[in-house]
>>> print(open('query_37.txt').read())   # compact mmCIF, C-alpha atoms and all ligand atoms
# COMPACT_ATOMS: atom_id res chain seq x y z
CA MET A 191 94.01 30.87 111.57
CA LEU A 192 96.94 32.33 109.70
CA ASP A 193 94.67 32.48 106.67
CA ARG A 194 92.30 34.75 108.52
CA VAL A 195 95.15 37.06 109.42
CA GLU A 196 96.29 37.17 105.78
CA ASN A 197 92.73 37.82 104.63
CA LEU A 198 92.26 40.70 107.01
CA LYS A 199 95.65 42.06 106.01
CA SER A 200 94.70 42.29 102.36
CA GLN A 201 91.35 43.82 103.32
CA VAL A 202 93.05 46.47 105.43
CA GLU A 203 95.53 47.17 102.66
CA ALA A 204 92.78 47.53 100.10
CA THR A 205 90.71 49.96 102.18
CA VAL A 206 90.72 53.56 100.99
CA ILE A 207 89.83 56.18 103.59
CA THR A 208 88.65 59.52 102.22
CA SER A 209 86.64 61.03 105.03
CA ARG A 210 86.37 61.18 108.78
CA GLU A 211 83.32 58.91 108.66
CA GLU A 212 85.26 56.28 106.74
CA ALA A 213 88.11 56.55 109.21
CA ASP A 214 85.67 55.87 112.05
CA MET A 215 84.16 52.93 110.20
CA PHE A 216 87.63 51.53 109.69
CA ARG A 217 88.43 51.85 113.37
CA LEU A 218 85.16 50.20 114.37
CA GLN A 219 85.59 47.42 111.88
CA TYR A 220 89.14 46.45 112.75
CA LEU A 221 90.49 48.11 115.86
CA SER A 222 87.64 48.72 118.32
CA LYS A 223 86.80 46.31 121.14
CA LYS A 224 84.55 44.38 118.80
CA GLY A 225 86.74 44.88 115.75
CA ALA A 226 88.03 42.01 113.62
CA ILE A 227 91.64 42.34 114.72
CA THR A 228 90.69 42.53 118.40
CA GLU A 229 88.60 39.40 117.90
CA LEU A 230 91.63 37.60 116.49
CA PHE A 231 93.63 38.54 119.58
CA LYS A 232 90.92 36.89 121.64
CA ALA A 233 91.20 33.78 119.45
CA PHE A 234 94.95 33.74 120.13
CA ARG A 235 94.29 31.99 123.44
CA ASP A 236 92.91 28.93 121.61
CA VAL A 237 95.78 28.53 119.18
CA SER A 238 98.00 25.55 119.73
CA ALA A 239 101.32 26.19 121.42
CA GLU A 240 103.44 25.44 118.35
CA ASP A 241 101.42 27.88 116.16
CA LYS A 242 101.39 30.69 118.72
CA LYS A 243 104.69 32.18 117.65
CA ALA A 244 103.93 32.54 113.95
CA PHE A 245 100.34 33.58 114.57
CA GLY A 246 101.29 36.16 117.22
CA ALA A 247 103.89 37.74 114.97
CA ALA A 248 101.49 37.92 112.01
CA LEU A 249 98.77 39.35 114.23
CA ASN A 250 101.02 42.05 115.60
CA ILE A 251 102.07 43.06 112.11
CA LEU A 252 98.43 43.28 111.09
CA LYS A 253 97.52 45.38 114.10
CA THR A 254 100.35 47.85 113.52
CA LEU A 255 99.44 48.07 109.86
CA ALA A 256 95.81 48.91 110.66
CA GLU A 257 96.75 51.41 113.38
CA ASP A 258 99.24 53.19 111.12
CA LYS A 259 96.77 53.34 108.31
CA HIS A 260 94.14 54.85 110.59
CA LYS A 261 96.53 57.41 112.03
CA ALA A 262 97.91 58.44 108.63
CA ALA A 263 94.39 58.82 107.26
CA LEU A 264 93.40 61.14 110.13
CA GLU A 265 96.52 63.24 109.69
CA SER A 266 96.06 63.72 105.98
CA LEU A 267 92.38 64.55 106.52
CA ASP A 268 93.44 67.19 109.06
CA ASN A 269 95.70 68.79 106.47
CA THR A 270 93.19 68.79 103.67
CA GLN A 271 90.60 70.32 105.97
CA THR A 272 92.61 73.50 106.33
CA VAL A 273 93.45 73.95 102.66
CA GLY A 274 90.79 71.99 100.88
CA LEU A 275 87.12 72.70 100.39
CA SER A 276 86.16 70.27 103.11
CA GLY A 277 86.68 72.99 105.78
CA ASP A 278 83.93 75.00 107.40
CA LEU A 279 82.75 77.14 104.53
CA THR A 280 80.64 79.31 106.80
CA ARG A 281 83.59 80.51 108.85
CA PRO A 282 84.20 84.27 108.34
CA GLY A 283 87.26 84.89 106.15
CA THR A 284 90.40 86.75 107.16
CA PRO A 285 89.90 90.33 106.03
CA HIS A 286 92.48 91.67 103.56
CA GLU A 287 92.71 95.37 104.11
CA LEU A 288 93.42 97.47 101.07
CA GLY A 289 96.08 100.11 101.50
CA ALA A 290 95.84 103.68 100.30
CA ILE A 291 98.16 105.68 98.10
CA HIS A 292 100.05 108.21 100.19
CA PRO A 293 98.86 111.74 99.35
CA ILE A 294 102.41 112.82 98.51
CA ASN A 295 102.73 109.99 95.97
CA ALA A 296 99.27 110.68 94.58
CA ILE A 297 100.10 114.35 93.92
CA ARG A 298 103.53 113.49 92.56
CA ASP A 299 102.09 110.96 90.12
CA GLU A 300 99.42 113.37 88.98
CA ILE A 301 101.96 116.13 88.29
CA VAL A 302 104.38 113.76 86.58
CA ASP A 303 101.56 112.49 84.35
CA ILE A 304 100.62 116.00 83.29
CA PHE A 305 104.16 116.68 82.09
CA LYS A 306 104.60 113.24 80.58
CA ARG A 307 101.69 113.99 78.30
CA ILE A 308 103.65 116.82 76.68
CA GLY A 309 106.90 114.96 76.20
CA PHE A 310 108.76 115.31 79.48
CA ASN A 311 110.63 112.26 80.72
CA ILE A 312 111.40 111.47 84.35
CA SER A 313 114.85 111.75 85.89
CA THR A 314 116.07 111.19 89.41
CA GLY A 315 119.27 111.82 91.32
CA PRO A 316 120.89 110.95 94.64
CA GLU A 317 119.63 112.38 97.92
CA ILE A 318 123.18 112.81 99.17
CA GLU A 319 124.74 115.33 96.82
CA ASP A 320 128.11 116.93 96.41
CA ASP A 321 128.58 120.68 96.61
CA TRP A 322 128.93 120.86 92.84
CA HIS A 323 125.52 119.50 91.92
CA ASN A 324 123.59 121.09 94.76
CA PHE A 325 125.28 124.50 94.72
CA SER A 326 128.34 125.32 92.62
CA ALA A 327 127.08 124.26 89.21
CA LEU A 328 123.83 126.06 90.02
CA ASN A 329 125.67 129.36 90.27
CA PHE A 330 125.52 129.73 94.05
CA PRO A 331 128.25 132.18 95.01
CA GLU A 332 130.63 130.92 97.72
CA GLU A 333 129.16 133.17 100.36
CA HIS A 334 125.51 132.56 99.48
CA PRO A 335 123.45 132.15 102.67
CA ALA A 336 121.77 128.98 101.35
CA ARG A 337 125.09 127.21 101.87
CA ASP A 338 124.95 128.19 105.47
CA MET A 339 124.72 125.47 108.08
CA GLN A 340 121.26 126.77 108.90
CA ASP A 341 119.76 125.50 105.69
CA THR A 342 121.84 122.51 104.77
CA PHE A 343 122.49 119.19 106.43
CA PHE A 344 126.13 118.47 105.69
CA VAL A 345 127.61 115.02 105.91
CA GLN A 346 129.95 115.25 108.85
CA ARG A 347 132.68 112.97 107.54
CA ASN A 348 132.85 114.81 104.25
CA PRO A 349 131.80 118.47 104.19
CA ASP A 350 131.72 118.36 100.40
CA TRP A 351 128.61 116.21 100.70
CA ALA A 352 125.19 117.29 101.89
CA LEU A 353 121.62 116.12 101.79
CA ARG A 354 120.29 117.85 98.70
CA THR A 355 118.35 120.99 99.55
CA HIS A 356 116.40 120.98 96.28
CA THR A 357 115.81 118.81 93.22
CA SER A 358 117.59 121.40 91.05
CA SER A 359 120.65 119.19 91.56
CA VAL A 360 119.01 116.73 89.16
CA GLN A 361 118.88 119.51 86.53
CA VAL A 362 122.66 119.64 86.58
CA ARG A 363 122.98 115.87 86.37
CA ALA A 364 120.58 115.77 83.42
CA MET A 365 122.48 118.46 81.53
CA GLU A 366 125.82 116.81 82.26
CA SER A 367 124.71 113.48 80.92
CA ILE A 368 122.71 114.37 77.81
CA GLN A 369 122.89 117.00 75.12
CA PRO A 370 119.78 119.09 74.31
CA PRO A 371 116.99 118.88 73.58
CA ILE A 372 116.33 118.00 77.23
CA ARG A 373 112.81 117.86 78.53
CA THR A 374 112.71 116.29 81.95
CA ILE A 375 110.79 116.27 85.19
CA SER A 376 112.51 115.27 88.45
CA PRO A 377 110.49 114.38 91.52
CA GLY A 378 112.31 113.70 94.76
CA ARG A 379 112.85 114.12 98.47
CA VAL A 380 114.79 117.12 99.72
CA PHE A 381 116.16 118.17 103.10
CA ARG A 382 116.57 121.48 104.86
CA ASN A 383 117.78 122.19 108.32
CA GLU A 384 114.62 123.87 109.48
CA ALA A 385 112.57 123.69 112.65
CA ILE A 386 109.60 121.37 112.26
CA SER A 387 106.23 123.02 112.67
CA ALA A 388 102.73 122.69 111.26
CA ARG A 389 103.82 124.50 108.09
CA SER A 390 107.45 123.45 107.62
CA HIS A 391 109.43 120.25 107.82
CA CYS A 392 113.09 119.39 107.41
CA ILE A 393 112.20 116.60 104.95
CA PHE A 394 109.86 117.31 102.08
CA HIS A 395 109.37 116.70 98.35
CA GLN A 396 109.85 118.76 95.23
CA ILE A 397 109.33 118.37 91.53
CA GLU A 398 111.72 120.07 89.20
CA GLY A 399 111.09 120.71 85.53
CA LEU A 400 113.73 121.48 82.92
CA TYR A 401 113.54 122.22 79.23
CA ILE A 402 116.65 123.02 77.19
CA ASP A 403 116.71 123.47 73.43
CA LYS A 404 117.45 126.03 70.76
CA GLU A 405 115.32 129.15 71.05
CA VAL A 406 113.48 128.28 74.23
CA SER A 407 112.06 131.52 75.58
CA PHE A 408 110.14 132.91 78.54
CA VAL A 409 107.00 132.57 76.43
CA ASP A 410 107.47 128.79 76.34
CA LEU A 411 107.86 128.81 80.10
CA LYS A 412 104.68 130.78 80.63
CA GLN A 413 102.81 128.56 78.21
CA VAL A 414 103.80 125.34 79.94
CA LEU A 415 102.90 126.79 83.32
CA MET A 416 99.48 127.83 82.07
CA TYR A 417 98.98 124.33 80.75
CA PHE A 418 99.94 122.93 84.14
CA ALA A 419 97.63 125.33 86.04
CA GLN A 420 94.76 124.29 83.81
CA GLU A 421 95.44 120.56 84.04
CA PHE A 422 96.23 120.35 87.72
CA PHE A 423 94.17 123.07 89.35
CA GLY A 424 91.57 123.57 86.64
CA LYS A 425 92.51 127.26 86.66
CA ALA A 426 93.22 129.29 83.55
CA LYS A 427 94.90 132.36 84.96
CA ILE A 428 98.41 132.65 86.35
CA ARG A 429 100.71 135.52 87.22
CA MET A 430 104.47 135.69 87.48
CA ARG A 431 106.12 137.86 90.09
CA PRO A 432 109.81 138.79 89.80
CA SER A 433 111.96 136.76 92.15
CA TYR A 434 115.52 135.57 92.62
CA PHE A 435 117.23 132.21 92.29
CA PRO A 436 120.96 131.95 91.63
CA PHE A 437 120.41 129.43 88.82
CA THR A 438 117.76 131.26 86.81
CA GLU A 439 117.74 134.68 85.19
CA PRO A 440 115.18 136.16 85.05
CA SER A 441 113.40 134.36 87.90
CA ALA A 442 109.80 134.40 88.96
CA GLU A 443 107.31 133.11 91.49
CA VAL A 444 104.20 131.68 89.92
CA ASP A 445 100.76 132.28 91.40
CA VAL A 446 97.60 130.62 90.16
CA TYR A 447 94.41 132.65 90.26
CA TRP A 448 92.23 130.65 92.58
CA GLY A 449 89.30 132.99 93.01
CA LEU A 450 87.55 134.27 96.10
CA GLU A 451 84.16 132.71 96.00
CA ASN A 452 83.80 131.15 99.40
CA GLU A 453 85.34 130.97 102.82
CA ILE A 454 87.77 128.20 101.86
CA ASP A 455 89.09 130.31 98.96
CA TYR A 456 89.79 133.08 101.46
CA LYS A 457 91.60 130.64 103.72
CA ILE A 458 93.64 129.02 100.95
CA THR A 459 94.72 132.29 99.36
CA LYS A 460 94.95 134.30 102.58
CA GLY A 461 92.34 136.61 101.20
CA THR A 462 94.25 137.51 98.03
CA GLY A 463 92.60 135.13 95.56
CA TRP A 464 96.08 134.02 94.41
CA LEU A 465 97.84 130.81 95.30
CA GLU A 466 101.63 130.67 95.18
CA VAL A 467 102.66 127.40 93.57
CA MET A 468 106.24 127.43 92.36
CA GLY A 469 109.50 129.13 91.49
CA CYS A 470 110.80 129.28 87.94
CA GLY A 471 113.00 131.11 85.49
CA MET A 472 115.24 130.92 82.45
CA VAL A 473 118.28 128.77 83.17
CA ASP A 474 121.23 131.08 83.87
CA PRO A 475 123.92 130.86 81.13
CA ASN A 476 126.48 130.16 83.87
CA VAL A 477 124.57 127.02 84.79
CA LEU A 478 124.44 125.82 81.19
CA LYS A 479 128.17 126.43 80.85
CA ALA A 480 128.97 124.62 84.11
CA SER A 481 127.05 121.58 82.91
CA GLY A 482 128.74 121.46 79.51
CA ILE A 483 126.04 123.08 77.38
CA ASP A 484 126.87 125.98 75.08
CA PRO A 485 124.78 129.00 76.22
CA ASP A 486 125.31 130.67 72.84
CA VAL A 487 123.41 127.85 71.15
CA TYR A 488 120.91 126.73 73.76
CA THR A 489 118.53 128.33 76.19
CA GLY A 490 116.10 126.77 78.62
CA TYR A 491 113.70 127.17 81.47
CA ALA A 492 113.37 125.48 84.82
CA PHE A 493 110.70 125.39 87.48
CA GLY A 494 110.36 123.76 90.85
CA MET A 495 107.51 123.20 93.26
CA GLY A 496 106.94 121.70 96.70
CA ILE A 497 104.63 118.72 96.76
CA GLU A 498 103.62 118.97 100.44
CA ARG A 499 102.25 122.46 100.04
CA ILE A 500 100.20 121.46 97.03
CA ALA A 501 98.91 118.32 98.77
CA MET A 502 97.97 120.31 101.88
CA ASN A 503 96.03 122.66 99.70
CA ARG A 504 94.35 119.95 97.62
CA TYR A 505 93.24 117.84 100.59
CA GLN A 506 92.94 120.63 103.15
CA ILE A 507 95.56 119.06 105.42
CA PRO A 508 96.26 121.43 108.31
CA ASP A 509 99.64 120.09 109.47
CA ILE A 510 102.64 119.02 107.36
CA ARG A 511 103.74 116.57 110.07
CA LEU A 512 100.77 114.34 109.27
CA PHE A 513 102.54 113.19 106.09
CA THR A 514 105.33 111.49 107.99
CA GLU A 515 103.54 110.30 111.12
CA ASN A 516 102.10 107.19 109.45
CA ASP A 517 98.91 107.45 111.44
CA LYS A 518 96.51 104.95 109.89
CA ARG A 519 93.54 107.17 110.64
CA PHE A 520 95.09 109.85 108.45
CA LEU A 521 96.31 107.56 105.67
CA GLU A 522 93.03 105.65 105.44
CA GLN A 523 91.27 108.78 104.34
CA PHE A 524 93.04 108.54 100.99
CA LYS A 525 91.69 105.12 100.09
CA THR A 526 89.35 106.60 97.53
CA GLY A 527 92.43 107.72 95.62
CA LEU A 528 93.04 104.11 94.54
N1 LIG B 1 115.08 125.06 93.53
C1 LIG B 1 114.15 126.11 93.88
C2 LIG B 1 113.74 125.94 95.33
O1 LIG B 1 114.10 124.97 95.93
C3 LIG B 1 112.93 126.08 93.01
C4 LIG B 1 113.24 126.42 91.57
C5 LIG B 1 113.51 125.41 90.68
C6 LIG B 1 113.26 127.70 91.14
C7 LIG B 1 113.79 125.70 89.36
C8 LIG B 1 113.52 128.03 89.82
C9 LIG B 1 113.79 127.01 88.96
O2 LIG B 1 113.07 126.78 95.90
>>> encode(input="query_37.txt", output="structure tokens", more="lines below")
Ligand code: PHE
Amino acid sequence: MLDRVENLKSQVEATVITSREEADMFRLQYLSKKGAITELFKAFRDVSAEDKKAFGAALNILKTLAEDKHKAALESLDNTQTVGLSGDLTRPGTPHELGAIHPINAIRDEIVDIFKRIGFNISTGPEIEDDWHNFSALNFPEEHPARDMQDTFFVQRNPDWALRTHTSSVQVRAMESIQPPIRTISPGRVFRNEAISARSHCIFHQIEGLYIDKEVSFVDLKQVLMYFAQEFFGKAKIRMRPSYFPFTEPSAEVDVYWGLENEIDYKITKGTGWLEVMGCGMVDPNVLKASGIDPDVYTGYAFGMGIERIAMNRYQIPDIRLFTENDKRFLEQFKTGL
């Protein structure tokens, strides 16, 4: 009798279970009501009293062995079913939704690329700036209204710090850290204490451009702006209107000639045919001096533009607040930009 137990034991040990069907077979063969091990339990009754102890113990060991083997096989089959190819291949997959590039990032990247092609590098600076980089070094007189609480978010604990109101602060940092020639483009987020409406927001984005070298003139500025108008808007004609910025002299607003061919052109240009795109000018000698560059040797130009306004124009977005609302229905419309 003990021989039969040992035989079955080696059979059970040698069995390899690789599928649910085989697991069932195994159960039927050894553990079911008619299974070999169950049969042995029935035979237990006929074993002589002195053999009962040894036989019973061996039988119990065999039964546990078979049960454990069956259970372990089922568990490992369960696991492989979820990761392996044995799962239900017709089940619909979990959809992986593709994201979209945010329109602000798309426009920023496009503009940065245009300037990278002609030798500009990219520079960035902190969003919390000190008075020096945001104002003083940029030739803002003490009493200039832009320093007023109305425009600037000051850091309460330290009134020397503020959220930068423009990316021109990065100009100063670039000039302080490297000697000319400097040819850099600085995209970034800026902050102004303004009421939020469809057309204006207290948080928005700018791109600043700066070129400093020997003999840089207004002609170079106009040339680079024409290049930009052509590359970005596909428009060949620009005009420069006199303007004022403390850090540039002379200063100008740049309009791109958009045309007046259809109703949208009228809407975009408010009926003028011209689209205002940026501010610019020759870097004021005071600014060069403040940043450690000799204005008798070097000259330069700077320009700065708002990304939101350009994006609103490009995609015909009616409300600036849409950029920050994170409404999927809005963002999904830019999927084609991938
Ligand atoms: N910093 C200016 C603004 O925020 C834009 C500008 C940049 C103008 C560089 C001239 C030169 O409006």
>>> closest_residue(input="query_37.txt", among="A:Gln523, A:Gln346, A:Ser222, A:Thr254", to="A:Val202", atoms="all atoms listed in the file")
A:Thr254
>>> closest_residue(input="query_37.txt", among="A:Val467, A:Ile510, A:Leu255, A:Val195", to="A:Ala226", atoms="only C-alpha atoms")
A:Val195
>>> residues_around(input="query_37.txt", residues="stretch 390-398 of chain A", least_positions_apart="2", cutoff="10 Å", atoms="all atoms listed in the file", output="ChimeraX atom specification")
/A:294-295,298,301-302,312-314,341-343,353,355-361,374-388,400,468-470,492-499,509-511,513-514
>>> write_last_selection(input="query_37.txt", atoms="C-alpha atoms", output="JSON list (two decimals), keeping the file's coordinate frame")
[["chain", "number", "residue", "atom", "x", "y", "z"],
["A", 294, "ILE", "CA", 102.41, 112.82, 98.51],
["A", 295, "ASN", "CA", 102.73, 109.99, 95.97],
["A", 298, "ARG", "CA", 103.53, 113.49, 92.56],
["A", 301, "ILE", "CA", 101.96, 116.13, 88.29],
["A", 302, "VAL", "CA", 104.38, 113.76, 86.58],
["A", 312, "ILE", "CA", 111.40, 111.47, 84.35],
["A", 313, "SER", "CA", 114.85, 111.75, 85.89],
["A", 314, "THR", "CA", 116.07, 111.19, 89.41],
["A", 341, "ASP", "CA", 119.76, 125.50, 105.69],
["A", 342, "THR", "CA", 121.84, 122.51, 104.77],
["A", 343, "PHE", "CA", 122.49, 119.19, 106.43],
["A", 353, "LEU", "CA", 121.62, 116.12, 101.79],
["A", 355, "THR", "CA", 118.35, 120.99, 99.55],
["A", 356, "HIS", "CA", 116.40, 120.98, 96.28],
["A", 357, "THR", "CA", 115.81, 118.81, 93.22],
["A", 358, "SER", "CA", 117.59, 121.40, 91.05],
["A", 359, "SER", "CA", 120.65, 119.19, 91.56],
["A", 360, "VAL", "CA", 119.01, 116.73, 89.16],
["A", 361, "GLN", "CA", 118.88, 119.51, 86.53],
["A", 374, "THR", "CA", 112.71, 116.29, 81.95],
["A", 375, "ILE", "CA", 110.79, 116.27, 85.19],
["A", 376, "SER", "CA", 112.51, 115.27, 88.45],
["A", 377, "PRO", "CA", 110.49, 114.38, 91.52],
["A", 378, "GLY", "CA", 112.31, 113.70, 94.76],
["A", 379, "ARG", "CA", 112.85, 114.12, 98.47],
["A", 380, "VAL", "CA", 114.79, 117.12, 99.72],
["A", 381, "PHE", "CA", 116.16, 118.17, 103.10],
["A", 382, "ARG", "CA", 116.57, 121.48, 104.86],
["A", 383, "ASN", "CA", 117.78, 122.19, 108.32],
["A", 384, "GLU", "CA", 114.62, 123.87, 109.48],
["A", 385, "ALA", "CA", 112.57, 123.69, 112.65],
["A", 386, "ILE", "CA", 109.60, 121.37, 112.26],
["A", 387, "SER", "CA", 106.23, 123.02, 112.67],
["A", 388, "ALA", "CA", 102.73, 122.69, 111.26],
["A", 400, "LEU", "CA", 113.73, 121.48, 82.92],
["A", 468, "MET", "CA", 106.24, 127.43, 92.36],
["A", 469, "GLY", "CA", 109.50, 129.13, 91.49],
["A", 470, "CYS", "CA", 110.80, 129.28, 87.94],
["A", 492, "ALA", "CA", 113.37, 125.48, 84.82],
["A", 493, "PHE", "CA", 110.70, 125.39, 87.48],
["A", 494, "GLY", "CA", 110.36, 123.76, 90.85],
["A", 495, "MET", "CA", 107.51, 123.20, 93.26],
["A", 496, "GLY", "CA", 106.94, 121.70, 96.70],
["A", 497, "ILE", "CA", 104.63, 118.72, 96.76],
["A", 498, "GLU", "CA", 103.62, 118.97, 100.44],
["A", 499, "ARG", "CA", 102.25, 122.46, 100.04],
["A", 509, "ASP", "CA", 99.64, 120.09, 109.47],
["A", 510, "ILE", "CA", 102.64, 119.02, 107.36],
["A", 511, "ARG", "CA", 103.74, 116.57, 110.07],
["A", 513, "PHE", "CA", 102.54, 113.19, 106.09],
["A", 514, "THR", "CA", 105.33, 111.49, 107.99]]
>>> closest_residue(input="query_37.txt", among="A:Leu521, A:Val487, A:Tyr456, A:Glu443", to="ligand LIG 1 (chain B)", atoms="only C-alpha atoms and all ligand atoms")
A:Glu443
>>> residues_around(input="query_37.txt", residues="A:Trp322", least_positions_apart="4", cutoff="10 Å", atoms="only C-alpha atoms", output="count of residues only")
10
>>> closest_residue(input="query_37.txt", among="A:Thr459, A:Arg429, A:His292, A:Glu196", to="A:Ala247", atoms="only C-alpha atoms")
A:Glu196
>>> closest_residue(input="query_37.txt", among="A:Leu411, A:Leu288, A:Ile304, A:Leu279", to="ligand LIG 1 (chain B)", atoms="all atoms listed in the file")
A:Leu411
>>> closest_residue(input="query_37.txt", among="A:Ser433, A:Thr462, A:Thr280, A:Asn452", to="ligand LIG 1 (chain B)", atoms="only C-alpha atoms and all ligand atoms")
A:Ser433
>>> atom_distance(input="query_37.txt", atom1="atom CA of A:Leu230", atom2="atom CA of A:Thr205")
18.9 Å
>>> residues_around(input="query_37.txt", residues="A:Pro371", least_positions_apart="6", cutoff="8 Å", atoms="only C-alpha atoms", output="number ranges by chain")
A: 401-404
>>> atom_distance(input="query_37.txt", atom1="atom CA of A:Ile500", atom2="atom C1 of ligand LIG 1 (chain B)")
15.0 Å
>>> atom_distance(input="query_37.txt", atom1="atom CA of A:Asp241", atom2="atom CA of A:Asp193")
12.5 Å
>>> residues_around(input="query_37.txt", residues="A:Lys261", least_positions_apart="2", cutoff="12 Å", atoms="only C-alpha atoms", output="list in words")
Ile207, Arg210, Ala213, Asp214, Phe216, Arg217, Leu221, Thr254, Leu255, Ala256, Glu257, Asp258, Lys259, Ala263, Leu264, Glu265, Ser266, Leu267 and Asp268 of chain A
>>> residues_around(input="query_37.txt", residues="stretch 420-427 of chain A", least_positions_apart="3", cutoff="10 Å", atoms="all atoms listed in the file", output="list of chain:residue names")
A:Ile297, A:Glu300, A:Ile301, A:Ile304, A:Phe305, A:Val414, A:Leu415, A:Met416, A:Tyr417, A:Asp445, A:Val446, A:Tyr447, A:Trp448, A:Gly449, A:Trp464, A:Ile500, A:Arg504
>>> write_last_selection(input="query_37.txt", atoms="C-alpha atoms", output="mmCIF file, in the frame of the given file")
data_model
loop_
_atom_site.group_PDB
_atom_site.id
_atom_site.type_symbol
_atom_site.label_atom_id
_atom_site.label_comp_id
_atom_site.auth_asym_id
_atom_site.auth_seq_id
_atom_site.Cartn_x
_atom_site.Cartn_y
_atom_site.Cartn_z
ATOM 1 C CA ILE A 297 100.100 114.350 93.920
ATOM 2 C CA GLU A 300 99.420 113.370 88.980
ATOM 3 C CA ILE A 301 101.960 116.130 88.290
ATOM 4 C CA ILE A 304 100.620 116.000 83.290
ATOM 5 C CA PHE A 305 104.160 116.680 82.090
ATOM 6 C CA VAL A 414 103.800 125.340 79.940
ATOM 7 C CA LEU A 415 102.900 126.790 83.320
ATOM 8 C CA MET A 416 99.480 127.830 82.070
ATOM 9 C CA TYR A 417 98.980 124.330 80.750
ATOM 10 C CA ASP A 445 100.760 132.280 91.400
ATOM 11 C CA VAL A 446 97.600 130.620 90.160
ATOM 12 C CA TYR A 447 94.410 132.650 90.260
ATOM 13 C CA TRP A 448 92.230 130.650 92.580
ATOM 14 C CA GLY A 449 89.300 132.990 93.010
ATOM 15 C CA TRP A 464 96.080 134.020 94.410
ATOM 16 C CA ILE A 500 100.200 121.460 97.030
ATOM 17 C CA ARG A 504 94.350 119.950 97.620
#
>>> decode(input="query_37.txt", residues="stretch 362-378 of chain A", atoms="N, CA and C atoms", output="PDB file, in the first residue's frame")
ATOM      1  N   VAL A 362      18.838  92.223 -19.199  1.00  0.00           N
ATOM      2  CA  VAL A 362      19.839  92.726 -18.254  1.00  0.00           C
ATOM      3  C   VAL A 362      20.713  91.581 -17.758  1.00  0.00           C
ATOM      4  N   ARG A 363      20.069  90.476 -17.404  1.00  0.00           N
ATOM      5  CA  ARG A 363      20.833  89.324 -16.909  1.00  0.00           C
ATOM      6  C   ARG A 363      21.793  88.801 -17.978  1.00  0.00           C
ATOM      7  N   ALA A 364      21.355  88.800 -19.225  1.00  0.00           N
ATOM      8  CA  ALA A 364      22.230  88.320 -20.298  1.00  0.00           C
ATOM      9  C   ALA A 364      23.437  89.239 -20.433  1.00  0.00           C
ATOM     10  N   MET A 365      23.186  90.543 -20.431  1.00  0.00           N
ATOM     11  CA  MET A 365      24.299  91.490 -20.612  1.00  0.00           C
ATOM     12  C   MET A 365      25.251  91.480 -19.424  1.00  0.00           C
ATOM     13  N   GLU A 366      24.706  91.240 -18.233  1.00  0.00           N
ATOM     14  CA  GLU A 366      25.569  91.178 -17.046  1.00  0.00           C
ATOM     15  C   GLU A 366      26.473  89.962 -17.069  1.00  0.00           C
ATOM     16  N   SER A 367      25.998  88.893 -17.695  1.00  0.00           N
ATOM     17  CA  SER A 367      26.762  87.649 -17.558  1.00  0.00           C
ATOM     18  C   SER A 367      27.675  87.359 -18.746  1.00  0.00           C
ATOM     19  N   ILE A 368      27.399  87.940 -19.903  1.00  0.00           N
ATOM     20  CA  ILE A 368      28.312  87.709 -21.026  1.00  0.00           C
ATOM     21  C   ILE A 368      28.662  89.017 -21.745  1.00  0.00           C
ATOM     22  N   GLN A 369      29.824  89.021 -22.305  1.00  0.00           N
ATOM     23  CA  GLN A 369      30.249  90.177 -23.098  1.00  0.00           C
ATOM     24  C   GLN A 369      29.771  89.992 -24.542  1.00  0.00           C
ATOM     25  N   PRO A 370      29.529  91.101 -25.270  1.00  0.00           N
ATOM     26  CA  PRO A 370      29.084  90.990 -26.660  1.00  0.00           C
ATOM     27  C   PRO A 370      30.130  90.272 -27.518  1.00  0.00           C
ATOM     28  N   PRO A 371      29.756  89.702 -28.639  1.00  0.00           N
ATOM     29  CA  PRO A 371      28.400  89.766 -29.195  1.00  0.00           C
ATOM     30  C   PRO A 371      27.389  88.900 -28.432  1.00  0.00           C
ATOM     31  N   ILE A 372      26.212  89.490 -28.217  1.00  0.00           N
ATOM     32  CA  ILE A 372      25.104  88.769 -27.566  1.00  0.00           C
ATOM     33  C   ILE A 372      23.954  88.710 -28.561  1.00  0.00           C
ATOM     34  N   ARG A 373      23.467  87.529 -28.768  1.00  0.00           N
ATOM     35  CA  ARG A 373      22.310  87.381 -29.666  1.00  0.00           C
ATOM     36  C   ARG A 373      21.405  86.355 -29.014  1.00  0.00           C
ATOM     37  N   THR A 374      20.377  86.864 -28.314  1.00  0.00           N
ATOM     38  CA  THR A 374      19.601  85.933 -27.496  1.00  0.00           C
ATOM     39  C   THR A 374      18.107  86.212 -27.566  1.00  0.00           C
ATOM     40  N   ILE A 375      17.348  85.157 -27.329  1.00  0.00           N
ATOM     41  CA  ILE A 375      15.897  85.267 -27.357  1.00  0.00           C
ATOM     42  C   ILE A 375      15.395  84.685 -26.041  1.00  0.00           C
ATOM     43  N   SER A 376      14.508  85.412 -25.343  1.00  0.00           N
ATOM     44  CA  SER A 376      14.101  85.002 -23.995  1.00  0.00           C
ATOM     45  C   SER A 376      12.594  84.884 -23.881  1.00  0.00           C
ATOM     46  N   PRO A 377      12.082  83.672 -23.962  1.00  0.00           N
ATOM     47  CA  PRO A 377      10.645  83.487 -23.755  1.00  0.00           C
ATOM     48  C   PRO A 377      10.352  83.331 -22.273  1.00  0.00           C
ATOM     49  N   GLY A 378       9.175  83.775 -21.830  1.00  0.00           N
ATOM     50  CA  GLY A 378       8.857  83.566 -20.421  1.00  0.00           C
ATOM     51  C   GLY A 378       7.521  84.133 -20.012  1.00  0.00           C
TER      52      GLY A 378
END
